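**Student:** Here you go, one structure.
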Amino acid sequence: MEGGDLVLVERTDHRLTTTTKERTMSADRGITEDQLYRIMYGSIAFEMLHAASELGVFDHLGRNPGSSTQDIATALGIAPYPCDILLTGLRGLELVLGDETRMTNAPLVEQCFVKGEDGKHLPFIHEIVNPGMSEFIDSVRQATNLGLRHFPGDGTSLYSRLESDPDKLRSLHEHLRATSEATLADLVATGALDNTRHLLDIGGGTATNAIPLANHYPDLRITLVDLENVVEAAARAIDSHGLSDRIDVLACDVFNDPLPVGADTALLAHMLPIWSPEANRELLSKVYDALPDNGQALLFDPLQNDERDGPDYAILFPAYYLTIASGRGTFYPWSTYEQWMREAGFSGFQRFEGLAVAHGLHVGTKQR
Ligand SMILES: C[S@@+](CC[C@H](N)C(=O)[O-])C[C@H]1O[C@@H](n2cnc3c(N)ncnc32)[C@H](O)[C@@H]1O
C-alpha cells in the first residue's frame with residue numbers, strides 16, 4: 001500500500017500547548033553552557049539522532065533494552081570505534097539512558113521513534129532543511145529564500161522546485177504525513193468537520209489528511225487540489241486505500257487557477273504559513289467565493305504562544321519559510337488570520353487552541 005496505512009490515532013501525550021513552553025532556561029540567567037553547546041553543535045546532535053534512527057539503534061534498544069555498546073555494534077554490524085562515538089553522543093544528549101554496559105531508549109524516544117512515526121521527519125530535515133538553512137544569513141540579508149540554491153529549477157518556491165525531484169518530494173510528504181498523524185485526531189476532536197458533506201482540501205499534498213479523514217467520516221466526500229505532480233502521487237495513495245470513489249484530485253495552482261466549487265467546507269492545513277499576507281488575503285477571498293452560504297473555512301496550523309517565545313518548534317520553523325519554502329511566510333498570529341478572514345467576508349469565528357504539536361484550528365463561516 002503506497003505510503004503505508006494511515007490511521008487516525010489519539011496522541012495527546014505528544015501535545016505541546018501554546019502556553020506551557022517548558023522553561024529549560026533559568027529565568028534570570030538565560031541559557032546554560034550545555035544548552036549553548038547543543039545549539040552550536042546542533043548539526044552534530046541532529047545527525048546523532050538521524051543516524052540512531054536510520055541505523056536501527058532505537059529499534060534495537062526497543063527490542064533489547066539493557067544492551068551494551070558492544071551488543072549494539074555486533075547486532076547492527078557497526079565497527080566498535082564509530083559505534084562508541086555514536087552511543088556516547090546519544091547518551092550525552094539523553095536520547096539513550098544508562099551507561100555503556102547497559103542502555104535503554106529515553107521514554108520520549110521510545111514513544112516517538114520506536115512506537116511513533118517521528119522518524120519520518122528526519123530525511124526531510126537532512127535532505128531539505130539543513131542544506132537550505134546554510135543560506136540563512138544571506139536570506140536574512142536579502143529578504144528572500146536563497147536556500148533554493150540547493151534545489152535546481154526555476155520555481156520561486158520549494159514546492160515548484162521539488163516537482164522535478166521525486167526523492168526529495170517524497171521526503172517532504174513523509175514529513176507532512178508524520179505531522180498529520182500526530183495532529184489530525186485533535187482536529188477531528190474539535191467537531192468542526194462533523195457536519196461537513198464535501199470538503200475542499202486546499203494544498204492537500206499527497207492526501208495525508210484526506211485519507212484518514214475519509215476513513216473517519218464514511219459519508220464525507222473530498223476534493224483535493226494541489227500542484228500537478230503532487231496530485232498524481234495523491235491519486236496513487238488514494239487508490240491504494242480504495243478511496244477513489246470519495247476523494248477526487250484536481251491539479252490546480254490555487255493562486256492562478258479558479259478553485260472548484262461545490263464543497264461546503266474548505267480545509268487549509270499547513271498552507272497559509274508558506275505565503276505572504278497579500279497572497280493569503282487573495283487566497284482566502286477565492287475560498288470565500290468558492291463556498292456556498294454557511295460554508296466554512298478551516299485554518300489548521302501551528303501557532304506561537306502569546307509571548308512569541310515558544311514552543312520551540314513554532315519559533316524555529318518560520319526560518320524555513322524565509323530561507324527555503326517561499327521567502328515570504330511565517331506562523332502568523334491568530335488575530336491576523338481572523339482579520340484576513342473578516343476582510344474576505346467570513347464571520348462567526350471559532351478558535352480551538354492547544355492542539356497537538358503546537359497546533360490550533362481557526363474556523364470562519366460564510367454568513368450572508
Ligand atoms: C506544507 S504542504 C501542506 C500539505 C497538507 N495540507 C498537509 O497538511 O500536510 C503545502 C502544500 O501546498 C502545495 N502547494 C504549494 N504551492 C501551491 C499552489 N500554488 N497551488 C496549489 N498547491 C500548492 C504543496 O505542493 C504542498 O502539498
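Each chain in the C-alpha cells gets a letter, A, B and so on, in the order shown; residues start at 1 in every chain, and ligands are counted from 1 in the order they appear.
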Using only C-alpha atoms and all ligand atoms, I'd like a table of the residues in chain A that come within 9 Å of ligand 1; for each, show the closest atom pair and its distance in Å rounded to one decimal, ordered by chain and ascending number, as a tab-separated table.

**Tutor:**
residue	atom	partner	partner_atom_place_in_ligand_line	distance
A:Ser157	CA	ligand 1	16 (N)	7.4
A:Leu158	CA	ligand 1	15 (C)	8.2
A:Tyr159	CA	ligand 1	25 (O)	5.1
A:Ser160	CA	ligand 1	16 (N)	6.9
A:Leu162	CA	ligand 1	25 (O)	8.6
A:Glu163	CA	ligand 1	25 (O)	8.3
A:Leu169	CA	ligand 1	25 (O)	8.9
A:Leu172	CA	ligand 1	2 (S)	8.3
A:His173	CA	ligand 1	9 (O)	7.2
A:His175	CA	ligand 1	9 (O)	8.2
A:Leu176	CA	ligand 1	9 (O)	4.4
A:Arg177	CA	ligand 1	9 (O)	6.1
A:Ala178	CA	ligand 1	9 (O)	8.6
A:Thr179	CA	ligand 1	9 (O)	6.9
A:Ser180	CA	ligand 1	9 (O)	6.0
A:Asp201	CA	ligand 1	6 (N)	7.0
A:Ile202	CA	ligand 1	6 (N)	6.6
A:Gly203	CA	ligand 1	12 (O)	3.8
A:Gly204	CA	ligand 1	6 (N)	3.9
A:Gly205	CA	ligand 1	27 (O)	3.3
A:Thr206	CA	ligand 1	27 (O)	6.7
A:Ala207	CA	ligand 1	5 (C)	7.2
A:Thr208	CA	ligand 1	9 (O)	5.8
A:Asn209	CA	ligand 1	7 (C)	6.2
A:Ala210	CA	ligand 1	6 (N)	8.8
A:Val225	CA	ligand 1	21 (C)	6.2
A:Asp226	CA	ligand 1	22 (N)	3.7
A:Leu227	CA	ligand 1	21 (C)	4.9
A:Glu228	CA	ligand 1	25 (O)	8.4
A:Asn229	CA	ligand 1	25 (O)	8.3
A:Val230	CA	ligand 1	25 (O)	5.9
A:Val231	CA	ligand 1	25 (O)	8.4
A:Ala251	CA	ligand 1	21 (C)	7.6
A:Cys252	CA	ligand 1	21 (C)	5.6
A:Asp253	CA	ligand 1	20 (N)	3.5
A:Val254	CA	ligand 1	20 (N)	4.0
A:Phe255	CA	ligand 1	19 (N)	5.4
A:Asn256	CA	ligand 1	19 (N)	7.3
A:Asp257	CA	ligand 1	20 (N)	8.4
A:Leu267	CA	ligand 1	6 (N)	7.9
A:Leu268	CA	ligand 1	6 (N)	6.3
A:Ala269	CA	ligand 1	8 (O)	4.2
A:His270	CA	ligand 1	3 (C)	4.7
A:Met271	CA	ligand 1	10 (C)	5.0
A:Leu272	CA	ligand 1	10 (C)	8.5
A:Pro273	CA	ligand 1	1 (C)	8.2
A:Ile274	CA	ligand 1	1 (C)	7.1
A:Trp275	CA	ligand 1	16 (N)	8.9
A:Phe300	CA	ligand 1	8 (O)	7.9
A:Asp301	CA	ligand 1	8 (O)	8.3
A:Ala325	CA	ligand 1	1 (C)	8.8

**Student:** For His359 of chain A, please output as a PyMOL selection string all residues within 6 Å (counting only C-alpha atoms; exclusion window: fewer than 3 positions along the same chain).

**Tutor:** chain A and resi 301-303+355-356

**Student:** Would you return as a list in words the members of segment 231-278 of chain A that DSSP assigns to strand (DSSP E or B) on this structure's backbone?

**Tutor:** Ile247, Asp248, Val249, Leu250, Ala251, Thr265, Ala266, Leu267, Leu268 and Ala269 of chain A

**Student:** Could you jot down the atom CA of Glu343 of chain A to atom CA of Arg368 of chain A separation for me, Å, one decimal place?

**Tutor:**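 Atom-to-atom, atom CA of Glu343 of chain A and atom CA of Arg368 of chain A are spaced 13.8 Å apart.
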
**Student:** How many Å lie between atom CA of Asp138 of chain A and atom CA of Tyr320 of chain A, rounded to one decimal?

**Tutor:**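 Spanning atom CA of Asp138 of chain A to atom CA of Tyr320 of chain A is a straight-line distance of 13.3 Å.
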